[in-house]
Amino acid sequence: MSNSPVCHLDFETRSACSLRRSGAWRYSVDPTTEVLCLAFRLPHWPAGRTSLWHPAFPHLGIDESLNGTDLLELVRWIEAGGLIEAHNAAFERCIWTNIMVPLYGWPAITLPQWRCSAAKAAAHALPRGLEDAGAALKLSIVKDVEGGKAMKKAMKPRKSRKKERETWAKLGVEPPALLWHEDRALFERIWSYCRQDILAEEAISSALPDLSSDETAVYELDQRVNERGFLIDRRAVRKALSLLDREAMRLNGELAELTGGKVKKATQRAQMIEWFSEQGLDLDDTQKETLDRMMAEADTPEDDRTPWSPVITPAAHRALEIMRALGRSSTAKYVAMRDWMDPNDDRIRGGLLYHGATTGRWSGAGVQPHNFVRGGVKDMDALWAALLLDQTPTDGKGNPLDVMVALSEGLRGAIVASPGKQLFVVDYAAIEARVVMWLAGQEEALEIFRTGADIYLDMAVDIYHYPCNKKDHPGERQLGKIAILGLGYQMGASKFVDTCAKAGIIIEEVFGKQVVDAFRAKYWRVKEEWFDQEAAAIEAVRTKRPIQAGYVRWIVEGSFLYCELPSGRRIAYPFPAIRQKETPWGELRPQLTFMGINSYTRKWERQRTYGGSLVENIVQAIARDVMAAAMQRCESAGYDVVLTVHDELVAESAHGGIKEFEALVAEVPDWAEGMPIAVEGFTTRRYRK
């Protein structure tokens, strides 16, 4: 493994702005943000050597650090085009760009010069955090945890002390706008901590191969998209927060009256559960799913209710409605929009996380557009026109919407196109189903996709054994859709029944098994793919030889099992090992295991996997590569990408047309020959589904 030479650097800062609540860009442009120090290490220096710069703190008798030779060497490295690496480099890039260049006159670092050790860790399915990544790799050089505590103390303003207030009062002077924890000993601890971070970052980076040149280009595009950001309608956000406050006050008042003063706010969950119990309704919690289930029980016709269905009084039913309304995530989303917006241009930057999933897919940060409610409102302009004028919004069919529901539905509409431009929104149609059929070579399914026939109805015919059409058999088609979209990854009957229930379709497990069997019989190559991929992965780990399995290749290098995708990119499984697993019928079978983050405990521990899960990872990774290639084409054609949300791509432009944009997104990469890609798109001023 030969990695490119890079200069590692790390900033420590302080600010009245919350980095966690506002994101790196907003934090870096806040007028209260100050740099405490910069540690750096050039690649040709002897092992362990670092250098540190810090500004002067005259009130503490601390002069600016005098290391002109080292700084000059850093400047020359930058001006010569040398690479700069940091852990979560977007933060360092924001601080460098928005503070060091304008305030200190330091040279600009171009975007292609930046590298990120956290991105490398994520691309290898390791934890993103510096401390956790080092621990996962069992490195001897790790983050200084105790120094981190000192840094956390220094990075936020402190409250005034009694003696200080007395002194200011005696002198008749105004207290300082901001007070900090600071003294020479604390700063020296922070400087040492910053130097150690550099060595820990270098250790992680050195333990991992660099991103490929193609993937480096994707990372660079990700950073460009994040720096561009997306525009927020500030007026809409202000109005939303005002309406949310008003509705919360009204609904909490009603709740207090309803409960006889026992519960004054919906956030008093323990009191709320106790009150529900007094009403004869026992709840384990007040989570969204629990409330929805109880409300569904309440709305079930009496003839369809079971003997064990809870009796829900009108008061309890109304309390459930209030709890559900006040529990919507829209409140937090609008607060995040307000906090993340750049005050200079109302754009949110840094809202996408490169390699947010181990398959390489993007996830969201801050506002998190990836978990906006899907909603059904298409006319966002009309919805927001009504909200801004304090009128009753409708669902587009003339039906009035509750304010809280309207604000939840309207979240996407708070994202708008830049002046003189429009948003181009395109969604891949059933991309995972198409990829899994392509991966397995399931030609009859691929032909259905290519001809534009309805694969969901085709599946419904095999399930119900009678002709189905979209108009007369919507229920059958919906079940066929769930089967096509859900059963490609070895889902069993029980989980399929649960999946149907979440979609509002109730079926018995016996019928669920019949559906699963019908899918596996019809698409038997998909079933074979599960076992072929699992066998290939296990063989690669056992023999340490590359094993080809259809379109992908399994390779063991160092501490990682890699799945090499058709695009050439690899997805990683750290520290693979084969363990024996006992089947329900008592047979011992080999099973692939690897180290990963447990999705429930959030701890780094050994995970077990199987063929269907491996195929799911491969399919999602291929779909991501299709998206990444489309993003690059759109950028080259003058469409400025601002978001990618699941299988949806959003760009803005003052030129072009939706047909051209759809064609760019739908283009099949050379490595995906034969894949039947289809997209659907539209243009809009306000973002919507």
# chains A, B, ... in the order shown; residues from 1 in each chain; ligands from 1
$ residues_around --residues "A:Ala577" --least-positions-apart "4" --cutoff "8 Å" --atoms "only C-alpha atoms" --output "PyMOL selection string"
chain A and resi 541+592-594
$ write_last_selection --atoms "N, CA, C and O atoms" --output "short mmCIF file (atom, residue, chain, number, x, y, z; two decimals), in the first residue's frame"
data_model
loop_
_atom_site.label_atom_id
_atom_site.label_comp_id
_atom_site.auth_asym_id
_atom_site.auth_seq_id
_atom_site.Cartn_x
_atom_site.Cartn_y
_atom_site.Cartn_z
N VAL A 541 -12.46 -15.48 2.19
CA VAL A 541 -11.88 -15.37 3.54
C VAL A 541 -11.08 -16.61 3.88
O VAL A 541 -9.99 -16.53 4.47
N LEU A 592 -20.28 -16.08 7.61
CA LEU A 592 -19.35 -14.96 7.53
C LEU A 592 -19.65 -13.97 8.65
O LEU A 592 -20.80 -13.59 8.86
N THR A 593 -18.60 -13.56 9.36
CA THR A 593 -18.73 -12.51 10.38
C THR A 593 -17.69 -11.43 10.11
O THR A 593 -16.69 -11.67 9.43
N PHE A 594 -17.92 -10.26 10.66
CA PHE A 594 -16.99 -9.15 10.51
C PHE A 594 -17.25 -8.16 11.63
O PHE A 594 -18.28 -8.23 12.33
#
$ select_by_dssp --residues "stretch 26-130 of chain A" --states "strand (DSSP E)" --output "PyMOL selection string"
chain A and resi 34-41+51-53+83-86+114-116
$ atom_distance --atom1 "atom CA of A:Asp498" --atom2 "atom CA of A:Gly512"
9.6 Å
$ residues_around --residues "A:Lys603" --least-positions-apart "2" --cutoff "12 Å" --atoms "only C-alpha atoms" --output "JSON list (two decimals) with all heavy atoms, in the first residue's frame"
[["chain", "number", "residue", "atom", "x", "y", "z"],
["A", 126, "LEU", "N", -15.51, 1.67, 8.97],
["A", 126, "LEU", "CA", -15.02, 1.90, 10.32],
["A", 126, "LEU", "C", -15.80, 3.06, 10.94],
["A", 126, "LEU", "O", -16.41, 3.86, 10.23],
["A", 126, "LEU", "CB", -13.53, 2.24, 10.29],
["A", 126, "LEU", "CG", -12.58, 1.14, 9.81],
["A", 126, "LEU", "CD1", -11.20, 1.72, 9.55],
["A", 126, "LEU", "CD2", -12.51, 0.01, 10.82],
["A", 127, "PRO", "N", -15.75, 3.21, 12.26],
["A", 127, "PRO", "CA", -16.37, 4.38, 12.88],
["A", 127, "PRO", "C", -15.75, 5.66, 12.35],
["A", 127, "PRO", "O", -14.55, 5.70, 12.04],
["A", 127, "PRO", "CB", -16.07, 4.20, 14.37],
["A", 127, "PRO", "CG", -15.78, 2.75, 14.54],
["A", 127, "PRO", "CD", -15.15, 2.31, 13.26],
["A", 132, "ASP", "N", -12.80, 6.44, 18.06],
["A", 132, "ASP", "CA", -13.39, 5.13, 17.78],
["A", 132, "ASP", "C", -12.71, 4.44, 16.60],
["A", 132, "ASP", "O", -12.54, 3.21, 16.61],
["A", 132, "ASP", "CB", -14.88, 5.28, 17.50],
["A", 132, "ASP", "CG", -15.66, 5.71, 18.74],
["A", 132, "ASP", "OD1", -15.15, 5.50, 19.85],
["A", 132, "ASP", "OD2", -16.76, 6.27, 18.58],
["A", 133, "ALA", "N", -12.32, 5.20, 15.59],
["A", 133, "ALA", "CA", -11.62, 4.60, 14.44],
["A", 133, "ALA", "C", -10.28, 4.04, 14.87],
["A", 133, "ALA", "O", -9.89, 2.93, 14.46],
["A", 133, "ALA", "CB", -11.44, 5.64, 13.34],
["A", 135, "ALA", "N", -9.46, 3.01, 17.86],
["A", 135, "ALA", "CA", -9.70, 1.83, 18.69],
["A", 135, "ALA", "C", -10.08, 0.63, 17.83],
["A", 135, "ALA", "O", -9.63, -0.50, 18.08],
["A", 135, "ALA", "CB", -10.80, 2.12, 19.71],
["A", 136, "ALA", "N", -10.89, 0.86, 16.80],
["A", 136, "ALA", "CA", -11.32, -0.24, 15.93],
["A", 136, "ALA", "C", -10.12, -0.85, 15.20],
["A", 136, "ALA", "O", -10.06, -2.07, 15.00],
["A", 136, "ALA", "CB", -12.35, 0.27, 14.92],
["A", 595, "MET", "N", -16.33, -7.24, 11.83],
["A", 595, "MET", "CA", -16.52, -6.21, 12.85],
["A", 595, "MET", "C", -17.28, -5.03, 12.26],
["A", 595, "MET", "O", -17.01, -4.60, 11.14],
["A", 595, "MET", "CB", -15.17, -5.75, 13.40],
["A", 595, "MET", "CG", -14.42, -6.81, 14.18],
["A", 595, "MET", "SD", -15.31, -7.42, 15.63],
["A", 595, "MET", "CE", -15.29, -5.95, 16.67],
["A", 596, "GLY", "N", -18.21, -4.51, 13.05],
["A", 596, "GLY", "CA", -19.00, -3.37, 12.58],
["A", 596, "GLY", "C", -19.73, -2.71, 13.72],
["A", 596, "GLY", "O", -19.69, -3.19, 14.86],
["A", 597, "ILE", "N", -20.41, -1.63, 13.42],
["A", 597, "ILE", "CA", -21.18, -0.91, 14.43],
["A", 597, "ILE", "C", -22.57, -1.52, 14.51],
["A", 597, "ILE", "O", -23.31, -1.53, 13.53],
["A", 597, "ILE", "CB", -21.28, 0.59, 14.07],
["A", 597, "ILE", "CG1", -19.89, 1.21, 14.00],
["A", 597, "ILE", "CG2", -22.13, 1.32, 15.11],
["A", 597, "ILE", "CD1", -19.88, 2.64, 13.50],
["A", 598, "ASN", "N", -22.91, -2.05, 15.67],
["A", 598, "ASN", "CA", -24.23, -2.63, 15.89],
["A", 598, "ASN", "C", -25.28, -1.53, 15.78],
["A", 598, "ASN", "O", -25.20, -0.51, 16.46],
["A", 598, "ASN", "CB", -24.27, -3.29, 17.27],
["A", 598, "ASN", "CG", -25.57, -4.05, 17.51],
["A", 598, "ASN", "OD1", -26.66, -3.49, 17.44],
["A", 598, "ASN", "ND2", -25.44, -5.33, 17.80],
["A", 599, "SER", "N", -26.25, -1.72, 14.91],
["A", 599, "SER", "CA", -27.25, -0.67, 14.65],
["A", 599, "SER", "C", -28.14, -0.40, 15.86],
["A", 599, "SER", "O", -28.78, 0.66, 15.93],
["A", 599, "SER", "CB", -28.11, -1.04, 13.44],
["A", 599, "SER", "OG", -28.78, -2.27, 13.67],
["A", 600, "TYR", "N", -28.19, -1.33, 16.80],
["A", 600, "TYR", "CA", -29.02, -1.14, 18.00],
["A", 600, "TYR", "C", -28.21, -0.60, 19.17],
["A", 600, "TYR", "O", -28.61, 0.36, 19.83],
["A", 600, "TYR", "CB", -29.69, -2.47, 18.38],
["A", 600, "TYR", "CG", -30.65, -2.98, 17.33],
["A", 600, "TYR", "CD1", -30.29, -4.01, 16.47],
["A", 600, "TYR", "CD2", -31.92, -2.42, 17.18],
["A", 600, "TYR", "CE1", -31.15, -4.47, 15.49],
["A", 600, "TYR", "CE2", -32.79, -2.87, 16.20],
["A", 600, "TYR", "CZ", -32.41, -3.90, 15.36],
["A", 600, "TYR", "OH", -33.27, -4.34, 14.39],
["A", 601, "THR", "N", -27.06, -1.22, 19.45],
["A", 601, "THR", "CA", -26.26, -0.80, 20.60],
["A", 601, "THR", "C", -25.32, 0.34, 20.27],
["A", 601, "THR", "O", -24.80, 1.00, 21.16],
["A", 601, "THR", "CB", -25.43, -1.98, 21.14],
["A", 601, "THR", "OG1", -24.45, -2.36, 20.15],
["A", 601, "THR", "CG2", -26.32, -3.18, 21.44],
["A", 605, "GLU", "N", -18.71, -4.14, 17.39],
["A", 605, "GLU", "CA", -18.70, -5.53, 17.80],
["A", 605, "GLU", "C", -18.87, -6.44, 16.58],
["A", 605, "GLU", "O", -19.17, -5.98, 15.48],
["A", 605, "GLU", "CB", -19.80, -5.79, 18.83],
["A", 605, "GLU", "CG", -21.19, -5.35, 18.39],
["A", 605, "GLU", "CD", -22.19, -5.34, 19.54],
["A", 605, "GLU", "OE1", -21.78, -5.04, 20.67],
["A", 605, "GLU", "OE2", -23.36, -5.63, 19.29],
["A", 606, "ARG", "N", -18.66, -7.74, 16.82],
["A", 606, "ARG", "CA", -18.71, -8.68, 15.69],
["A", 606, "ARG", "C", -20.14, -8.86, 15.21],
["A", 606, "ARG", "O", -21.07, -9.04, 15.99],
["A", 606, "ARG", "CB", -18.09, -10.02, 16.10],
["A", 606, "ARG", "CG", -17.93, -10.99, 14.91],
["A", 606, "ARG", "CD", -16.78, -11.94, 15.12],
["A", 606, "ARG", "NE", -15.48, -11.27, 15.08],
["A", 606, "ARG", "CZ", -14.83, -10.96, 13.96],
["A", 606, "ARG", "NH1", -15.34, -11.26, 12.77],
["A", 606, "ARG", "NH2", -13.65, -10.37, 14.02],
["A", 607, "GLN", "N", -20.29, -8.78, 13.89],
["A", 607, "GLN", "CA", -21.59, -8.91, 13.23],
["A", 607, "GLN", "C", -21.64, -10.20, 12.43],
["A", 607, "GLN", "O", -20.64, -10.64, 11.87],
["A", 607, "GLN", "CB", -21.81, -7.74, 12.27],
["A", 607, "GLN", "CG", -21.50, -6.37, 12.84],
["A", 607, "GLN", "CD", -22.52, -5.92, 13.83],
["A", 607, "GLN", "OE1", -23.71, -5.91, 13.54],
["A", 607, "GLN", "NE2", -22.06, -5.55, 15.02]]
$ closest_residue --among "A:Thr313, A:Thr394, A:Ser213, A:Gln223" --to "A:Ala382" --atoms "only C-alpha atoms"
A:Thr394
$ closest_residue --among "A:Asp390, A:Glu660, A:Asp339, A:Asp462" --to "A:Asp30" --atoms "only C-alpha atoms"
A:Asp339
$ closest_residue --among "A:Ile571, A:Val552, A:Ile232, A:Ile507" --to "A:Tyr687" --atoms "only C-alpha atoms"
A:Ile232
$ closest_residue --among "A:Tyr464, A:Phe511, A:Trp524, A:Trp604" --to "A:Gly129" --atoms "only C-alpha atoms"
A:Trp604
$ select_by_dssp --residues "stretch 604-673 of chain A" --states "helix (DSSP H, G or I)" --output "PyMOL selection string"
chain A and resi 611-636+658-666+670-672
$ residues_around --residues "A:Thr543" --least-positions-apart "5" --cutoff "10 Å" --atoms "only C-alpha atoms" --output "list in words"
Ile538, Ile555 and Val556 of chain A
$ closest_residue --among "A:Leu251, A:Ala637, A:Val645, A:Leu137" --to "A:Asn371" --atoms "only C-alpha atoms"
A:Val645
$ residues_around --residues "A:Phe372" --least-positions-apart "6" --cutoff "12 Å" --atoms "only C-alpha atoms" --output "PDB file with C-alpha atoms, in the first residue's frame"
ATOM      1  CA  ARG A 328     -43.930  15.598  14.982  1.00  0.00           C
ATOM      2  CA  SER A 329     -40.307  16.067  13.973  1.00  0.00           C
ATOM      3  CA  SER A 330     -41.105  19.236  12.029  1.00  0.00           C
ATOM      4  CA  THR A 331     -40.427  21.447  15.060  1.00  0.00           C
ATOM      5  CA  ALA A 332     -36.832  20.243  15.330  1.00  0.00           C
ATOM      6  CA  LYS A 333     -36.402  20.454  11.547  1.00  0.00           C
ATOM      7  CA  TYR A 334     -37.367  24.123  11.375  1.00  0.00           C
ATOM      8  CA  GLY A 364     -28.047  13.756   5.910  1.00  0.00           C
ATOM      9  CA  LEU A 407     -45.968  22.359   8.605  1.00  0.00           C
ATOM     10  CA  SER A 408     -44.796  18.751   8.536  1.00  0.00           C
ATOM     11  CA  GLU A 409     -45.910  18.383   4.907  1.00  0.00           C
ATOM     12  CA  GLY A 410     -44.337  21.727   4.066  1.00  0.00           C
ATOM     13  CA  LEU A 411     -40.809  20.945   5.244  1.00  0.00           C
ATOM     14  CA  ARG A 412     -39.554  20.269   1.737  1.00  0.00           C
ATOM     15  CA  GLY A 413     -41.112  23.506   0.530  1.00  0.00           C
ATOM     16  CA  ALA A 414     -38.881  25.541   2.836  1.00  0.00           C
ATOM     17  CA  ILE A 415     -36.038  24.558   0.482  1.00  0.00           C
ATOM     18  CA  VAL A 645     -31.963  12.198  -0.978  1.00  0.00           C
ATOM     19  CA  HIS A 646     -32.154   8.394  -1.111  1.00  0.00           C
ATOM     20  CA  TYR A 687     -38.748  21.484  -3.303  1.00  0.00           C
ATOM     21  CA  ARG A 688     -41.436  18.787  -3.078  1.00  0.00           C
ATOM     22  CA  LYS A 689     -41.947  15.075  -3.576  1.00  0.00           C
TER      23      LYS A 689
END
$ residues_around --residues "A:Phe682" --least-positions-apart "4" --cutoff "7 Å" --atoms "only C-alpha atoms" --output "ChimeraX atom specification"
/A:424-426,658
$ residues_around --residues "A:Val615" --least-positions-apart "2" --cutoff "8 Å" --atoms "only C-alpha atoms" --output "number ranges by chain"
A: 436, 489, 529-530, 533, 611-613, 617-619
$ closest_residue --among "A:Gly376, A:Gly475, A:Gly261, A:Gly23" --to "A:Arg338" --atoms "only C-alpha atoms"
A:Gly23
